file coords-v1.cif (mmCIF, C-alpha atoms)
data_upload
loop_
_atom_site.label_atom_id
_atom_site.label_comp_id
_atom_site.auth_asym_id
_atom_site.auth_seq_id
_atom_site.Cartn_x
_atom_site.Cartn_y
_atom_site.Cartn_z
CA MET A 1 22.90 27.62 -183.37
CA LYS A 2 20.42 25.57 -185.39
CA ASP A 3 17.83 23.52 -183.53
CA LEU A 4 18.60 19.83 -183.16
CA ILE A 5 15.77 17.60 -184.40
CA SER A 6 15.48 14.06 -183.01
CA VAL A 7 14.03 11.59 -185.53
CA ILE A 8 12.36 8.60 -183.87
CA ILE A 9 12.09 5.40 -185.94
CA PRO A 10 10.52 2.23 -184.47
CA PHE A 11 11.66 -0.94 -186.23
CA TYR A 12 9.69 -4.19 -186.35
CA LYS A 13 10.17 -6.52 -189.33
CA LYS A 14 10.59 -3.69 -191.85
CA ARG A 15 13.87 -4.88 -193.39
CA LYS A 16 12.59 -4.68 -196.98
CA TYR A 17 12.11 -0.90 -197.02
CA PHE A 18 14.34 0.22 -194.17
CA PHE A 19 17.28 1.41 -196.28
CA LYS A 20 15.00 3.57 -198.45
CA THR A 21 13.67 5.16 -195.29
CA ILE A 22 17.13 5.80 -193.84
CA ASN A 23 18.41 7.05 -197.19
CA SER A 24 15.60 9.63 -197.33
CA LEU A 25 16.78 10.82 -193.91
CA LYS A 26 20.41 10.92 -195.06
CA LYS A 27 19.41 13.13 -198.02
CA GLN A 28 17.73 15.78 -195.86
CA SER A 29 18.81 19.32 -196.77
CA TYR A 30 18.60 20.21 -193.06
CA LYS A 31 21.53 18.44 -191.44
CA ASN A 32 21.25 19.11 -187.70
CA TYR A 33 19.33 16.00 -186.71
CA GLU A 34 19.90 12.75 -184.85
CA ALA A 35 18.34 9.40 -185.74
CA ILE A 36 17.07 7.15 -182.96
CA VAL A 37 15.99 3.69 -184.12
CA VAL A 38 14.08 1.65 -181.56
CA TYR A 39 14.48 -2.04 -182.37
CA ASP A 40 11.23 -3.66 -181.21
CA ASP A 41 11.62 -7.28 -182.30
CA GLU A 42 12.42 -10.13 -179.90
CA ASP A 43 13.97 -11.83 -182.94
CA LYS A 44 17.38 -10.15 -183.17
CA SER A 45 18.21 -11.47 -186.66
CA ASP A 46 17.73 -8.00 -188.24
CA LEU A 47 19.64 -6.07 -185.56
CA LYS A 48 23.02 -6.17 -187.31
CA PHE A 49 21.34 -5.18 -190.58
CA VAL A 50 19.72 -2.15 -188.90
CA LYS A 51 22.99 -1.05 -187.28
CA ASP A 52 24.89 -1.43 -190.57
CA LYS A 53 22.36 0.60 -192.58
CA LEU A 54 22.23 3.28 -189.91
CA LYS A 55 25.97 3.94 -190.26
CA ILE A 56 25.27 6.38 -193.10
CA ILE A 57 23.75 8.76 -190.53
CA LYS A 58 26.37 10.77 -188.64
CA LYS A 59 24.40 11.16 -185.39
CA SER A 60 22.53 7.95 -184.71
CA LYS A 61 21.81 5.36 -182.05
CA VAL A 62 19.90 2.11 -181.73
CA ILE A 63 17.78 1.30 -178.68
CA VAL A 64 16.94 -2.39 -178.28
CA ASN A 65 13.74 -3.21 -176.43
CA ASN A 66 13.91 -6.21 -174.06
CA LYS A 67 10.60 -7.40 -175.47
CA ASN A 68 8.16 -6.42 -178.20
CA LEU A 69 6.35 -3.29 -176.97
CA GLY A 70 4.61 -2.01 -180.10
CA ALA A 71 5.17 1.21 -182.04
CA GLY A 72 3.72 3.62 -179.47
CA LEU A 73 5.72 2.50 -176.45
CA SER A 74 8.83 2.16 -178.64
CA ARG A 75 8.49 5.81 -179.65
CA ASN A 76 8.21 6.72 -175.98
CA ASN A 77 11.54 4.95 -175.36
CA GLY A 78 13.08 6.90 -178.22
CA ILE A 79 11.76 10.20 -176.90
CA LYS A 80 13.41 9.51 -173.52
CA LYS A 81 16.80 9.33 -175.24
CA ALA A 82 16.21 12.28 -177.57
CA ASN A 83 18.42 15.36 -177.28
CA GLY A 84 16.57 17.52 -179.78
CA THR A 85 14.44 20.59 -179.21
CA PHE A 86 11.99 19.09 -181.68
CA ILE A 87 10.89 15.51 -182.34
CA ALA A 88 10.02 14.17 -185.80
CA PHE A 89 8.51 10.74 -186.30
CA LEU A 90 9.42 8.45 -189.19
CA ASP A 91 8.06 4.94 -189.68
CA ALA A 92 10.56 2.38 -190.94
CA ASP A 93 8.89 1.95 -194.34
CA ASP A 94 7.99 5.59 -195.10
CA VAL A 95 10.04 8.01 -197.19
CA TRP A 96 10.62 11.73 -196.62
CA ASN A 97 10.94 14.51 -199.19
CA LYS A 98 14.52 15.84 -199.04
CA ASP A 99 13.39 19.27 -197.75
CA LYS A 100 10.96 17.89 -195.18
CA LEU A 101 12.84 18.92 -192.05
CA LYS A 102 13.98 22.27 -193.44
CA LEU A 103 10.53 23.38 -194.61
CA GLN A 104 8.77 22.16 -191.50
CA LEU A 105 11.13 23.81 -189.04
CA LYS A 106 10.88 27.06 -190.99
CA PHE A 107 7.06 26.77 -190.86
CA ILE A 108 7.11 26.19 -187.10
CA LYS A 109 9.34 29.20 -186.50
CA LYS A 110 7.31 31.46 -188.77
CA HIS A 111 3.99 30.67 -187.09
CA LYS A 112 5.41 30.32 -183.56
CA ILE A 113 3.83 26.92 -182.99
CA GLU A 114 4.96 23.66 -181.40
CA PHE A 115 3.11 21.11 -183.55
CA SER A 116 2.99 20.82 -187.32
CA PHE A 117 2.14 18.21 -189.91
CA SER A 118 1.94 18.10 -193.71
CA SER A 119 0.22 16.71 -196.75
CA TYR A 120 1.46 13.30 -197.88
CA GLN A 121 1.02 10.71 -200.59
CA ILE A 122 0.14 7.04 -200.29
CA ILE A 123 2.36 4.66 -202.26
CA ASN A 124 2.23 0.91 -202.75
CA THR A 125 5.02 -1.65 -202.51
CA LYS A 126 6.07 -0.84 -206.07
CA GLU A 127 6.46 2.89 -205.33
CA LYS A 128 3.33 3.78 -207.33
CA ILE A 129 1.40 6.79 -206.02
CA ILE A 130 -2.13 5.73 -205.03
CA LYS A 131 -3.47 8.97 -203.61
CA LYS A 132 -2.48 12.32 -202.10
CA ILE A 133 -3.83 13.45 -198.73
CA ILE A 134 -3.97 17.23 -198.37
CA ALA A 135 -3.39 18.60 -194.88
CA ARG A 136 -5.84 21.01 -193.30
CA ARG A 137 -4.40 24.38 -192.37
CA ASN A 138 -5.68 24.13 -188.80
CA ILE A 139 -6.96 21.16 -186.81
CA ASN A 140 -8.65 21.20 -183.42
CA TYR A 141 -10.08 18.62 -181.04
CA LYS A 142 -13.56 18.72 -182.57
CA ASN A 143 -12.18 18.09 -186.07
CA LEU A 144 -10.02 15.22 -184.89
CA LEU A 145 -12.84 13.41 -183.12
CA TYR A 146 -14.42 12.67 -186.50
CA SER A 147 -11.33 12.01 -188.58
CA CYS A 148 -7.62 11.44 -188.07
CA ASP A 149 -6.14 13.75 -190.69
CA ILE A 150 -2.57 13.82 -189.38
CA GLY A 151 -0.03 11.51 -191.00
CA LEU A 152 2.38 10.24 -188.35
CA SER A 153 5.55 10.57 -190.40
CA SER A 154 4.64 14.17 -191.21
CA VAL A 155 4.60 15.32 -187.59
CA MET A 156 7.19 17.61 -186.03
CA ILE A 157 6.55 18.52 -182.40
CA SER A 158 8.30 20.33 -179.57
CA LYS A 159 9.82 17.82 -177.17
CA ARG A 160 8.39 19.94 -174.36
CA LEU A 161 4.87 18.79 -175.24
CA LEU A 162 5.83 15.14 -174.79
CA LYS A 163 7.02 15.36 -171.20
CA LYS A 164 3.58 14.53 -169.81
CA ASP A 165 1.64 13.18 -172.78
CA LYS A 166 2.93 9.92 -174.27
CA PHE A 167 1.92 7.34 -176.85
CA SER A 168 -0.41 4.61 -175.56
CA ASN A 169 0.00 0.85 -175.95
CA LEU A 170 -2.81 0.54 -178.51
CA LYS A 171 -1.77 -1.62 -181.47
CA THR A 172 -3.14 0.98 -183.90
CA LYS A 173 -4.46 4.52 -183.33
CA GLU A 174 -1.76 5.17 -180.70
CA ASP A 175 -0.67 8.28 -182.59
CA TYR A 176 -4.27 9.44 -183.12
CA LEU A 177 -4.92 9.23 -179.38
CA LEU A 178 -1.88 11.38 -178.62
CA TRP A 179 -2.97 14.04 -181.12
CA LEU A 180 -6.43 14.07 -179.50
CA LYS A 181 -4.95 14.50 -176.04
CA LEU A 182 -2.79 17.41 -177.18
CA SER A 183 -5.56 19.10 -179.16
CA LYS A 184 -7.92 18.80 -176.19
CA LYS A 185 -5.40 20.86 -174.21
CA GLY A 186 -5.62 23.58 -176.84
CA ILE A 187 -2.25 22.93 -178.50
CA ARG A 188 -2.21 24.74 -181.83
CA MET A 189 -1.79 22.30 -184.73
CA MET A 190 -1.07 23.61 -188.21
CA GLY A 191 -0.75 21.78 -191.50
CA ILE A 192 1.57 22.48 -194.43
CA ASN A 193 -0.10 22.21 -197.82
CA SER A 194 2.89 20.45 -199.38
CA VAL A 195 3.51 16.73 -199.82
CA LEU A 196 6.51 16.11 -197.56
CA TYR A 197 6.48 12.32 -197.29
CA SER A 198 5.24 9.06 -198.76
CA TRP A 199 3.27 6.61 -196.62
CA ARG A 200 3.72 3.06 -197.79
CA LYS A 201 0.67 0.82 -197.85
CA THR A 202 1.65 -2.81 -197.23
CA GLU A 203 -0.76 -5.74 -197.18
CA ASN A 204 0.24 -7.22 -193.83
CA SER A 205 0.77 -4.11 -191.73
CA LEU A 206 -1.25 -3.58 -188.54
CA SER A 207 -2.50 -0.29 -189.95
CA SER A 208 -4.13 -2.28 -192.75
CA SER A 209 -6.12 -4.54 -190.40
CA VAL A 210 -9.76 -3.43 -190.47
CA ILE A 211 -10.83 -5.42 -187.41
CA GLN A 212 -7.90 -4.16 -185.35
CA LYS A 213 -8.60 -0.59 -186.39
CA LEU A 214 -12.27 -0.82 -185.38
CA ARG A 215 -11.44 -2.43 -182.05
CA ASP A 216 -8.79 0.16 -181.23
CA ALA A 217 -10.99 3.06 -182.35
CA PHE A 218 -13.79 2.00 -180.00
CA THR A 219 -11.30 1.52 -177.13
CA LEU A 220 -9.83 4.95 -177.82
CA TYR A 221 -13.19 6.73 -177.56
CA ASN A 222 -14.66 4.61 -174.77
CA LYS A 223 -11.71 3.87 -172.47
CA TYR A 224 -9.29 6.74 -173.06
CA LEU A 225 -11.61 9.64 -173.93
CA LYS A 226 -14.32 8.41 -171.51
CA LEU A 227 -17.18 8.70 -174.01
CA ASN A 228 -20.26 6.60 -173.33
CA PHE A 229 -21.01 3.44 -175.30
CA LEU A 230 -23.33 5.03 -177.88
CA ASN A 231 -21.04 8.00 -178.53
CA SER A 232 -18.08 5.64 -178.84
CA ILE A 233 -19.96 3.60 -181.45
CA PHE A 234 -21.01 6.78 -183.28
CA PHE A 235 -17.50 8.21 -183.49
CA THR A 236 -16.04 4.83 -184.47
CA ILE A 237 -18.48 4.72 -187.41
CA MET A 238 -17.73 8.34 -188.38
CA LEU A 239 -14.00 7.71 -188.19
CA SER A 240 -14.37 4.67 -190.43
CA ILE A 241 -16.50 6.52 -192.97
CA ASN A 242 -14.04 9.41 -193.14
CA PHE A 243 -11.17 6.95 -193.49
CA ILE A 244 -12.86 5.34 -196.50
CA LEU A 245 -13.63 8.73 -198.07
CA LYS A 246 -10.06 9.91 -197.53
CA ARG A 247 -8.23 6.80 -198.72
CA PHE A 248 -10.43 5.32 -201.42
CA ILE A 249 -12.65 8.03 -202.94
#
call {"tool": "encode", "arguments": {"input": "coords-v1.cif", "output": "structure tokens"}}
result
Amino acid sequence: MKDLISVIIPFYKKRKYFFKTINSLKKQSYKNYEAIVVYDDEDKSDLKFVKDKLKIIKKSKVIVNNKNLGAGLSRNNGIKKANGTFIAFLDADDVWNKDKLKLQLKFIKKHKIEFSFSSYQIINTKEKIIKKIIARRNINYKNLLYSCDIGLSSVMISKRLLKKDKFSNLKTKEDYLLWLKLSKKGIRMMGINSVLYSWRKTENSLSSSVIQKLRDAFTLYNKYLKLNFLNSIFFTIMLSINFILKRFI
């Protein structure tokens, strides 16, 4: 029997691109998956829209948060309800290549690993490709400390690894912190040198807020990883420099 993959999709004011995201899931060549959308908006005006668009997916469910929790904690809620052997994350404005799940599961089985990610491309609101980010073959804790080179919507991970380690409540960098925690434990992380999804850059997204990113990066190093003040400043600067090099140069 083929492995069931649970696809976790947090939703917060992403109506404009949501159907494109869901349609890219519908078109997957690997069909044994379930979609779990976590509705994270106290304003319920888009809830019917989300449920209607999700009807094109055979196995799907919507979880409605009682209050706005943020992307990280919403994914944790989705993981609790997941039935799959593997978890794949998909943001509500990103788009997957049609063979994403098939190629990634095959890669995981071939290399006998529990965590994989892929190359991806950055697109703007008009679908224009801005840049391609090529995945490293192998990433470890030391690499990650300097640069977050794992695109969230490219990740496929064994559900087993998420029983103890969860996403934090950081507004940004919540995924980066989880990858650091897992890599610190020696979890083998391997990248696929193929572009398997498109990350959409939008002007008003939290991930585009420079101040928020800097604040969360420092908190990540200082509070969660327990680095001293100077080391936290150093790694925040290095992370920022590598982000600029990766995205803009």
call {"tool": "atom_distance", "arguments": {"input": "coords-v1.cif", "atom1": "CA of Ser154 in chain A", "atom2": "CA of Phe218 in chain A"}}
result
24.8 Å
call {"tool": "residues_around", "arguments": {"input": "coords-v1.cif", "residues": "Ala217 in chain A", "least_positions_apart": "5", "cutoff": "10 Å", "atoms": "only C-alpha atoms", "output": "MDAnalysis selection string"}}
result
chainID A and resid 170 172:174 176:177 211:212 222:223 232:233 235:237 239:240
call {"tool": "residues_around", "arguments": {"input": "coords-v1.cif", "residues": "Ile5 in chain A", "least_positions_apart": "2", "cutoff": "8 Å", "atoms": "all atoms listed in the file", "output": "compact mmCIF listing (two decimals) with C-alpha atoms, in the coordinates of the input"}}
result
# COMPACT_ATOMS: atom_id res chain seq x y z
CA ASP A 3 17.83 23.52 -183.53
CA VAL A 7 14.03 11.59 -185.53
CA ASN A 32 21.25 19.11 -187.70
CA TYR A 33 19.33 16.00 -186.71
CA GLU A 34 19.90 12.75 -184.85
CA ASN A 83 18.42 15.36 -177.28
CA GLY A 84 16.57 17.52 -179.78
CA THR A 85 14.44 20.59 -179.21
CA PHE A 86 11.99 19.09 -181.68
CA ILE A 87 10.89 15.51 -182.34
CA ALA A 88 10.02 14.17 -185.80
call {"tool": "resolve_selection", "arguments": {"input": "coords-v1.cif", "expression": "the PyMOL selection byres ((chain A and resi 137) around 6)", "output": "NGL selection string"}}
result
:A and (136 or 138 or 190-191)
call {"tool": "write_last_selection", "arguments": {"input": "coords-v1.cif", "atoms": "C-alpha atoms", "output": "PDB file, in the coordinates of the input"}}
result
ATOM      1  CA  ARG A 136      -5.840  21.010-193.300  1.00  0.00           C
ATOM      2  CA  ASN A 138      -5.680  24.130-188.800  1.00  0.00           C
ATOM      3  CA  MET A 190      -1.070  23.610-188.210  1.00  0.00           C
ATOM      4  CA  GLY A 191      -0.750  21.780-191.500  1.00  0.00           C
TER       5      GLY A 191
END
call {"tool": "closest_atom_pairs", "arguments": {"input": "coords-v1.cif", "of": "range 94-136 of chain A", "to": "range 184-189 of chain A", "cutoff": "12 Å", "atoms": "all atoms listed in the file", "output": "CSV"}}
result
residue,atom,partner,partner_atom,distance
A:Phe107,CA,A:Met189,CA,11.7
A:Ile108,CA,A:Met189,CA,10.0
A:His111,CA,A:Arg188,CA,10.1
A:Lys112,CA,A:Arg188,CA,9.6
A:Ile113,CA,A:Arg188,CA,6.5
A:Glu114,CA,A:Arg188,CA,7.3
A:Phe115,CA,A:Met189,CA,5.2
A:Ser116,CA,A:Met189,CA,5.6
A:Phe117,CA,A:Met189,CA,7.7
A:Ser118,CA,A:Met189,CA,10.6
A:Ala135,CA,A:Met189,CA,10.9
A:Arg136,CA,A:Met189,CA,9.6
call {"tool": "residues_around", "arguments": {"input": "coords-v1.cif", "residues": "Trp179 in chain A", "least_positions_apart": "6", "cutoff": "9 Å", "atoms": "all atoms listed in the file", "output": "count of residues only"}}
result
4
call {"tool": "resolve_selection", "arguments": {"input": "coords-v1.cif", "expression": "the PyMOL selection byres ((chain A and resi 54-69) around 7)", "output": "number ranges by chain"}}
result
A: 22, 26, 34-42, 50-53, 70-71, 73-74
call {"tool": "closest_residue", "arguments": {"input": "coords-v1.cif", "among": "A:Asn169, A:Ile157, A:Phe243, A:Lys201", "to": "Thr219 in chain A", "atoms": "only C-alpha atoms"}}
result
A:Asn169
call {"tool": "closest_residue", "arguments": {"input": "coords-v1.cif", "among": "A:Arg15, A:Lys132, A:Arg75, A:Lys80", "to": "Gly151 in chain A", "atoms": "all atoms listed in the file"}}
result
A:Lys132
call {"tool": "residues_around", "arguments": {"input": "coords-v1.cif", "residues": "Val195 in chain A", "least_positions_apart": "3", "cutoff": "8 Å", "atoms": "all atoms listed in the file", "output": "ChimeraX atom specification"}}
result
/A:97,118-121,132,134,198
call {"tool": "closest_residue", "arguments": {"input": "coords-v1.cif", "among": "A:Lys246, A:Asn228, A:Ile9, A:Ser45", "to": "Phe89 in chain A", "atoms": "all atoms listed in the file"}}
result
A:Ile9
call {"tool": "closest_residue", "arguments": {"input": "coords-v1.cif", "among": "A:Met238, A:Ile139, A:Leu25, A:Leu178", "to": "Tyr224 in chain A", "atoms": "all atoms listed in the file"}}
result
A:Leu178
call {"tool": "atom_distance", "arguments": {"input": "coords-v1.cif", "atom1": "CA of Glu127 in chain A", "atom2": "CA of Thr202 in chain A"}}
result
11.0 Å
call {"tool": "atom_distance", "arguments": {"input": "coords-v1.cif", "atom1": "CA of Lys213 in chain A", "atom2": "CA of Lys171 in chain A"}}
result
8.5 Å
call {"tool": "resolve_selection", "arguments": {"input": "coords-v1.cif", "expression": "the PyMOL selection byres ((chain A and resi 28) around 9)", "output": "ChimeraX atom specification"}}
result
/A:23-27,29-31,96-102
